[in-house]
Amino acid sequence: MSDGQQNGAPSEPTAPEVGTRTLVHALVREDGTVDTGELYAVAEALGMSDQQVRLCVKRLVAEGRFTQEGRGRKARLQACADATGAIAPDVEYVRHAYRQDRGLAPWDGTWHLFAFAVPEAERRARDSLRDTLLHLGAAPLQGGLYVCANPIGSIVEAHASRLGVLPALTRFTSRDLRVGEETDPRGLAALLWPLGRVAERHRALATLASALLGRLAGPDRPTGTERLTSAVELAAVFTAAMRPDPLLPPELLPQPWPGTRARGLAARCWEQLAAGDGRGPEQPRLFRLYEQAVTAAEPPPPPA
């Protein structure tokens with residue numbers, strides 16, 4: 001039985017722990033620098049020790065990912081390349097999620113299927129192809145056979161071509177999918193994907209975003225270190241909710257779907273957080289990336 005088919009009662013989610021490396025990436029400014037004074041302050045707010053931060057910075061510099069000028073809390077890090085890290089959103093992925101939430105990407109009833117048989121000698125390519133399918137929201141049906149509700153064929157083919165295993169890939173579509181005796185699309189979705197666990201992660205995101213909106217609307221609006229800490233926490237929980245989400249069309253999901261509400265609340269949080277202290281080279285790049293991911297999904301204004 002696949003992981004997606006184990007849909008017992010979901011366990012209560014725990015908020016993801018933000019690692020020190022993730023925190024450094026999150027605080028990279030538009031000019032590519034990290035103010036270590038801010039870094040230590042936010043790290044302390046997240047329960048990290050100064051020793052953890054120092055060791056992390058030392059490793060990042062040793063790896064050639066950053067250079068460092070100065071010492072301690074008065075130092076400045078300079079990113080040697082794009083260092084937004086795993087906490088940055090996949091703009092196209094997030095855009096599609098918000099389009100689905102707004103009813104702008106309806107399902108046409110087509111299932112997209114992929115089969116491959118890559119020999120053991122090319123195991124690394126086989127694993128990479130499998131991981132790509134899972135990342136794009138496909139679910140395993142049998143060994144080497146995957147199904148997705150979204151049209152990801154061109155992306156999968158391009159990846160298989162880069163890996164040199166395109167001849168081993170077969171893809172086709174069907175509007176008549178049956179697993180055992182199950183033929184109902186919603187029943188198939190519940191059978192193949194871990195919707196209970198995905199929903200719980202979105203509920204955790206909604207809880208955090210709702211509480212943050214309350215603080216942002218209150219008289220003691222978070223600024224400075226509090227604002228940065230809130231942004232890092234929101235990004236971490238948003239990533240934890242979105243990463244395992246197969247982004248099934250609304251037609252296949254139980255309604256109301258927690259992801260729709262959670263993403264709506266998160267979008268409002270990012271809008272207010274990004275507008276908090278203005279924009280400029282000292283604004284963490286994270287704010288712009290999330291703002292772009294959310295606003296990219298907005299429908300175009302009606303013609304004048």
# chains A, B, ... in the order shown; residues from 1 in each chain; ligands from 1
$ residues_around --residues "Met242 (chain A)" --least-positions-apart "6" --cutoff "10 Å" --atoms "only C-alpha atoms" --output "VMD selection string"
chain A and resid 89 to 90 93 to 94 97 198 201 to 202 205 259 263
$ write_last_selection --atoms "N, CA and C atoms" --output "PDB file, in the first residue's frame"
ATOM      1  N   PRO A  89       9.682  30.454  -1.798  1.00  0.00           N
ATOM      2  CA  PRO A  89       8.581  29.768  -2.475  1.00  0.00           C
ATOM      3  C   PRO A  89       8.907  29.456  -3.927  1.00  0.00           C
ATOM      4  N   ASP A  90       8.306  28.386  -4.441  1.00  0.00           N
ATOM      5  CA  ASP A  90       8.323  28.103  -5.873  1.00  0.00           C
ATOM      6  C   ASP A  90       7.186  28.916  -6.473  1.00  0.00           C
ATOM      7  N   TYR A  93       4.540  27.177  -8.612  1.00  0.00           N
ATOM      8  CA  TYR A  93       3.764  26.222  -7.820  1.00  0.00           C
ATOM      9  C   TYR A  93       2.724  26.962  -6.971  1.00  0.00           C
ATOM     10  N   VAL A  94       3.160  28.016  -6.294  1.00  0.00           N
ATOM     11  CA  VAL A  94       2.254  28.789  -5.453  1.00  0.00           C
ATOM     12  C   VAL A  94       1.207  29.501  -6.311  1.00  0.00           C
ATOM     13  N   ALA A  97      -1.512  27.135  -7.095  1.00  0.00           N
ATOM     14  CA  ALA A  97      -2.363  26.880  -5.933  1.00  0.00           C
ATOM     15  C   ALA A  97      -3.408  27.976  -5.770  1.00  0.00           C
ATOM     16  N   VAL A 198      -2.190  16.259   4.759  1.00  0.00           N
ATOM     17  CA  VAL A 198      -2.039  17.539   4.070  1.00  0.00           C
ATOM     18  C   VAL A 198      -2.981  18.572   4.680  1.00  0.00           C
ATOM     19  N   ARG A 201      -1.689  19.983   8.022  1.00  0.00           N
ATOM     20  CA  ARG A 201      -0.618  20.974   7.869  1.00  0.00           C
ATOM     21  C   ARG A 201      -1.192  22.336   7.470  1.00  0.00           C
ATOM     22  N   HIS A 202      -2.220  22.325   6.636  1.00  0.00           N
ATOM     23  CA  HIS A 202      -2.852  23.587   6.261  1.00  0.00           C
ATOM     24  C   HIS A 202      -3.600  24.199   7.454  1.00  0.00           C
ATOM     25  N   LEU A 205      -1.088  26.017   9.399  1.00  0.00           N
ATOM     26  CA  LEU A 205      -0.778  27.286   8.749  1.00  0.00           C
ATOM     27  C   LEU A 205      -1.874  28.309   9.015  1.00  0.00           C
ATOM     28  N   GLY A 259      -6.827  24.038   2.793  1.00  0.00           N
ATOM     29  CA  GLY A 259      -5.748  24.734   2.105  1.00  0.00           C
ATOM     30  C   GLY A 259      -6.178  26.065   1.529  1.00  0.00           C
ATOM     31  N   ARG A 263      -4.206  29.418   2.702  1.00  0.00           N
ATOM     32  CA  ARG A 263      -3.452  30.241   1.754  1.00  0.00           C
ATOM     33  C   ARG A 263      -4.012  31.660   1.676  1.00  0.00           C
TER      34      ARG A 263
END
$ residues_around --residues "Pro244 (chain A)" --least-positions-apart "2" --cutoff "8 Å" --atoms "only C-alpha atoms" --output "PDB file with C-alpha atoms, in the first residue's frame"
ATOM      1  CA  HIS A 135       7.280  16.630  -6.014  1.00  0.00           C
ATOM      2  CA  GLY A 137       1.986  15.885  -7.006  1.00  0.00           C
ATOM      3  CA  VAL A 198      -2.039  17.539   4.070  1.00  0.00           C
ATOM      4  CA  ALA A 240       5.707  22.746   5.482  1.00  0.00           C
ATOM      5  CA  ALA A 241       2.085  22.937   4.318  1.00  0.00           C
ATOM      6  CA  MET A 242       2.775  23.372   0.608  1.00  0.00           C
ATOM      7  CA  PRO A 246      -0.264  17.573  -4.515  1.00  0.00           C
TER       8      PRO A 246
END
$ closest_residue --among "A:Ala75, A:Leu55, A:Leu213, A:Leu195" --to "Gly37 (chain A)" --atoms "only C-alpha atoms"
A:Ala75
$ select_by_dssp --residues "region 57-252 of chain A" --states "alpha helix (DSSP H)" --output "VMD selection string"
chain A and resid 57 to 62 91 to 101 123 to 135 153 to 163 185 to 192 195 to 217 224 to 242
$ residues_around --residues "region 166-180 of chain A" --least-positions-apart "4" --cutoff "10 Å" --atoms "only C-alpha atoms" --output "number ranges by chain"
A: 108-119, 126, 129, 141, 144-149, 151, 153, 156-162, 184-185, 187-188, 191-192
$ select_by_dssp --residues "region 94-223 of chain A" --states "strand (DSSP E or B)" --output "number ranges by chain"
A: 111-116, 139-142, 145-148, 169-174, 179, 182
$ residues_around --residues "Ala206 (chain A)" --least-positions-apart "3" --cutoff "12 Å" --atoms "only C-alpha atoms" --output "CSV table (one decimal) with N, CA, C and O atoms, in the first residue's frame"
chain,number,residue,atom,x,y,z
A,15,ALA,N,4.5,22.4,14.8
A,15,ALA,CA,5.1,23.5,14.0
A,15,ALA,C,6.6,23.1,13.6
A,15,ALA,O,7.3,22.6,14.5
A,199,ALA,N,-4.2,18.2,5.0
A,199,ALA,CA,-5.2,19.1,5.6
A,199,ALA,C,-4.7,19.6,6.9
A,199,ALA,O,-4.9,20.8,7.3
A,200,GLU,N,-4.1,18.7,7.7
A,200,GLU,CA,-3.7,19.1,9.1
A,200,GLU,C,-2.6,20.1,9.0
A,200,GLU,O,-2.5,21.1,9.8
A,201,ARG,N,-1.7,20.0,8.0
A,201,ARG,CA,-0.6,21.0,7.9
A,201,ARG,C,-1.2,22.3,7.5
A,201,ARG,O,-0.7,23.4,7.9
A,202,HIS,N,-2.2,22.3,6.6
A,202,HIS,CA,-2.9,23.6,6.3
A,202,HIS,C,-3.6,24.2,7.5
A,202,HIS,O,-3.6,25.4,7.6
A,203,ARG,N,-4.2,23.4,8.3
A,203,ARG,CA,-4.8,23.9,9.5
A,203,ARG,C,-3.8,24.6,10.4
A,203,ARG,O,-4.1,25.6,11.0
A,209,ALA,N,-1.3,31.9,10.8
A,209,ALA,CA,-1.6,33.1,10.0
A,209,ALA,C,-2.7,33.9,10.7
A,209,ALA,O,-2.7,35.1,10.7
A,210,SER,N,-3.7,33.2,11.2
A,210,SER,CA,-4.8,34.0,11.8
A,210,SER,C,-4.4,34.7,13.1
A,210,SER,O,-4.7,35.9,13.3
A,211,ALA,N,-3.5,34.1,13.9
A,211,ALA,CA,-3.0,34.7,15.1
A,211,ALA,C,-2.1,35.9,14.6
A,211,ALA,O,-2.1,37.0,15.3
A,212,LEU,N,-1.3,35.7,13.6
A,212,LEU,CA,-0.4,36.8,13.1
A,212,LEU,C,-1.2,38.0,12.6
A,212,LEU,O,-0.9,39.2,12.9
A,213,LEU,N,-2.3,37.7,11.9
A,213,LEU,CA,-3.2,38.8,11.4
A,213,LEU,C,-3.7,39.6,12.6
A,213,LEU,O,-3.9,40.8,12.5
A,234,LEU,N,6.2,32.3,9.5
A,234,LEU,CA,5.2,32.1,8.5
A,234,LEU,C,5.7,31.4,7.3
A,234,LEU,O,5.1,30.5,6.7
A,237,VAL,N,6.2,27.6,8.1
A,237,VAL,CA,4.9,26.8,8.2
A,237,VAL,C,4.3,26.7,6.8
A,237,VAL,O,3.7,25.7,6.4
A,238,PHE,N,4.4,27.8,6.0
A,238,PHE,CA,3.8,27.8,4.7
A,238,PHE,C,4.5,26.7,3.8
A,238,PHE,O,3.9,26.0,3.1
A,241,ALA,N,3.4,23.3,4.8
A,241,ALA,CA,2.1,22.9,4.3
A,241,ALA,C,2.1,22.7,2.8
A,241,ALA,O,1.4,21.8,2.3
A,257,TRP,N,-12.1,23.0,1.7
A,257,TRP,CA,-10.7,22.4,1.8
A,257,TRP,C,-9.9,23.4,2.6
A,257,TRP,O,-9.8,24.6,2.3
A,258,PRO,N,-9.3,22.9,3.7
A,258,PRO,CA,-8.5,23.8,4.6
A,258,PRO,C,-7.4,24.6,3.9
A,258,PRO,O,-7.0,25.7,4.3
A,259,GLY,N,-6.8,24.0,2.8
A,259,GLY,CA,-5.7,24.7,2.1
A,259,GLY,C,-6.2,26.1,1.5
A,259,GLY,O,-5.4,27.0,1.5
A,260,THR,N,-7.4,26.1,1.1
A,260,THR,CA,-7.9,27.4,0.5
A,260,THR,C,-7.9,28.5,1.5
A,260,THR,O,-7.4,29.6,1.3
A,261,ARG,N,-8.5,28.2,2.7
A,261,ARG,CA,-8.5,29.2,3.8
A,261,ARG,C,-7.1,29.6,4.2
A,261,ARG,O,-6.8,30.7,4.4
A,262,ALA,N,-6.3,28.6,4.4
A,262,ALA,CA,-4.9,28.8,4.9
A,262,ALA,C,-4.1,29.7,4.0
A,262,ALA,O,-3.5,30.7,4.4
A,263,ARG,N,-4.2,29.4,2.7
A,263,ARG,CA,-3.5,30.2,1.8
A,263,ARG,C,-4.0,31.7,1.7
A,263,ARG,O,-3.3,32.6,1.5
A,264,GLY,N,-5.3,31.8,1.8
A,264,GLY,CA,-5.9,33.1,1.8
A,264,GLY,C,-5.4,34.0,3.0
A,264,GLY,O,-5.1,35.1,2.9
A,265,LEU,N,-5.4,33.3,4.2
A,265,LEU,CA,-4.9,34.0,5.4
A,265,LEU,C,-3.4,34.4,5.3
A,265,LEU,O,-3.0,35.5,5.6
A,266,ALA,N,-2.6,33.4,4.7
A,266,ALA,CA,-1.2,33.7,4.5
A,266,ALA,C,-0.9,34.8,3.6
A,266,ALA,O,0.0,35.6,3.8
A,267,ALA,N,-1.7,34.9,2.5
A,267,ALA,CA,-1.6,36.0,1.5
A,267,ALA,C,-1.8,37.3,2.2
A,267,ALA,O,-1.1,38.3,1.9
A,268,ARG,N,-2.8,37.4,3.1
A,268,ARG,CA,-3.1,38.7,3.8
A,268,ARG,C,-1.9,39.0,4.7
A,268,ARG,O,-1.6,40.2,4.9
A,269,CYS,N,-1.3,38.0,5.4
A,269,CYS,CA,-0.2,38.2,6.2
A,269,CYS,C,1.0,38.8,5.5
A,269,CYS,O,1.6,39.8,5.9
$ closest_residue --among "A:Pro249, A:Pro254, A:Gly143, A:Gly164" --to "Asp101 (chain A)" --atoms "only C-alpha atoms"
A:Pro249
$ atom_distance --atom1 "CA of Ala43 (chain A)" --atom2 "CA of Gly64 (chain A)"
22.0 Å
$ residues_around --residues "Ser128 (chain A)" --least-positions-apart "3" --cutoff "9 Å" --atoms "only C-alpha atoms" --output "ChimeraX atom specification"
/A:123-125,131-133,159-160,163
$ write_last_selection --atoms "N, CA, C and O atoms" --output "compact mmCIF listing (two decimals), in the first residue's frame"
# COMPACT_ATOMS: atom_id res chain seq x y z
N ARG A 123 20.35 3.89 -11.50
CA ARG A 123 19.50 4.04 -10.32
C ARG A 123 19.33 5.50 -9.91
O ARG A 123 18.24 5.92 -9.53
N ARG A 124 20.42 6.27 -9.99
CA ARG A 124 20.32 7.67 -9.58
C ARG A 124 19.32 8.44 -10.45
O ARG A 124 18.52 9.22 -9.95
N ALA A 125 19.35 8.19 -11.75
CA ALA A 125 18.39 8.84 -12.66
C ALA A 125 16.98 8.37 -12.37
O ALA A 125 16.03 9.16 -12.38
N ASP A 131 11.39 11.09 -7.77
CA ASP A 131 11.25 12.21 -6.84
C ASP A 131 10.60 13.41 -7.52
O ASP A 131 9.83 14.15 -6.89
N THR A 132 10.92 13.62 -8.80
CA THR A 132 10.30 14.72 -9.53
C THR A 132 8.80 14.51 -9.66
O THR A 132 8.00 15.44 -9.45
N LEU A 133 8.38 13.31 -9.97
CA LEU A 133 6.95 13.00 -10.08
C LEU A 133 6.25 13.24 -8.74
O LEU A 133 5.17 13.86 -8.69
N HIS A 159 12.58 16.75 -17.69
CA HIS A 159 13.49 16.24 -16.66
C HIS A 159 14.06 14.88 -17.08
O HIS A 159 15.27 14.63 -16.91
N ALA A 160 13.21 14.02 -17.63
CA ALA A 160 13.69 12.71 -18.08
C ALA A 160 14.72 12.87 -19.18
O ALA A 160 15.70 12.12 -19.26
N LEU A 163 18.01 13.79 -17.72
CA LEU A 163 18.61 12.64 -17.06
C LEU A 163 19.09 11.57 -18.04
O LEU A 163 19.78 10.62 -17.66
$ residues_around --residues "Thr223 (chain A)" --least-positions-apart "3" --cutoff "12 Å" --atoms "only C-alpha atoms" --output "ChimeraX atom specification"
/A:42,215-216,219-220,226-231,272-278
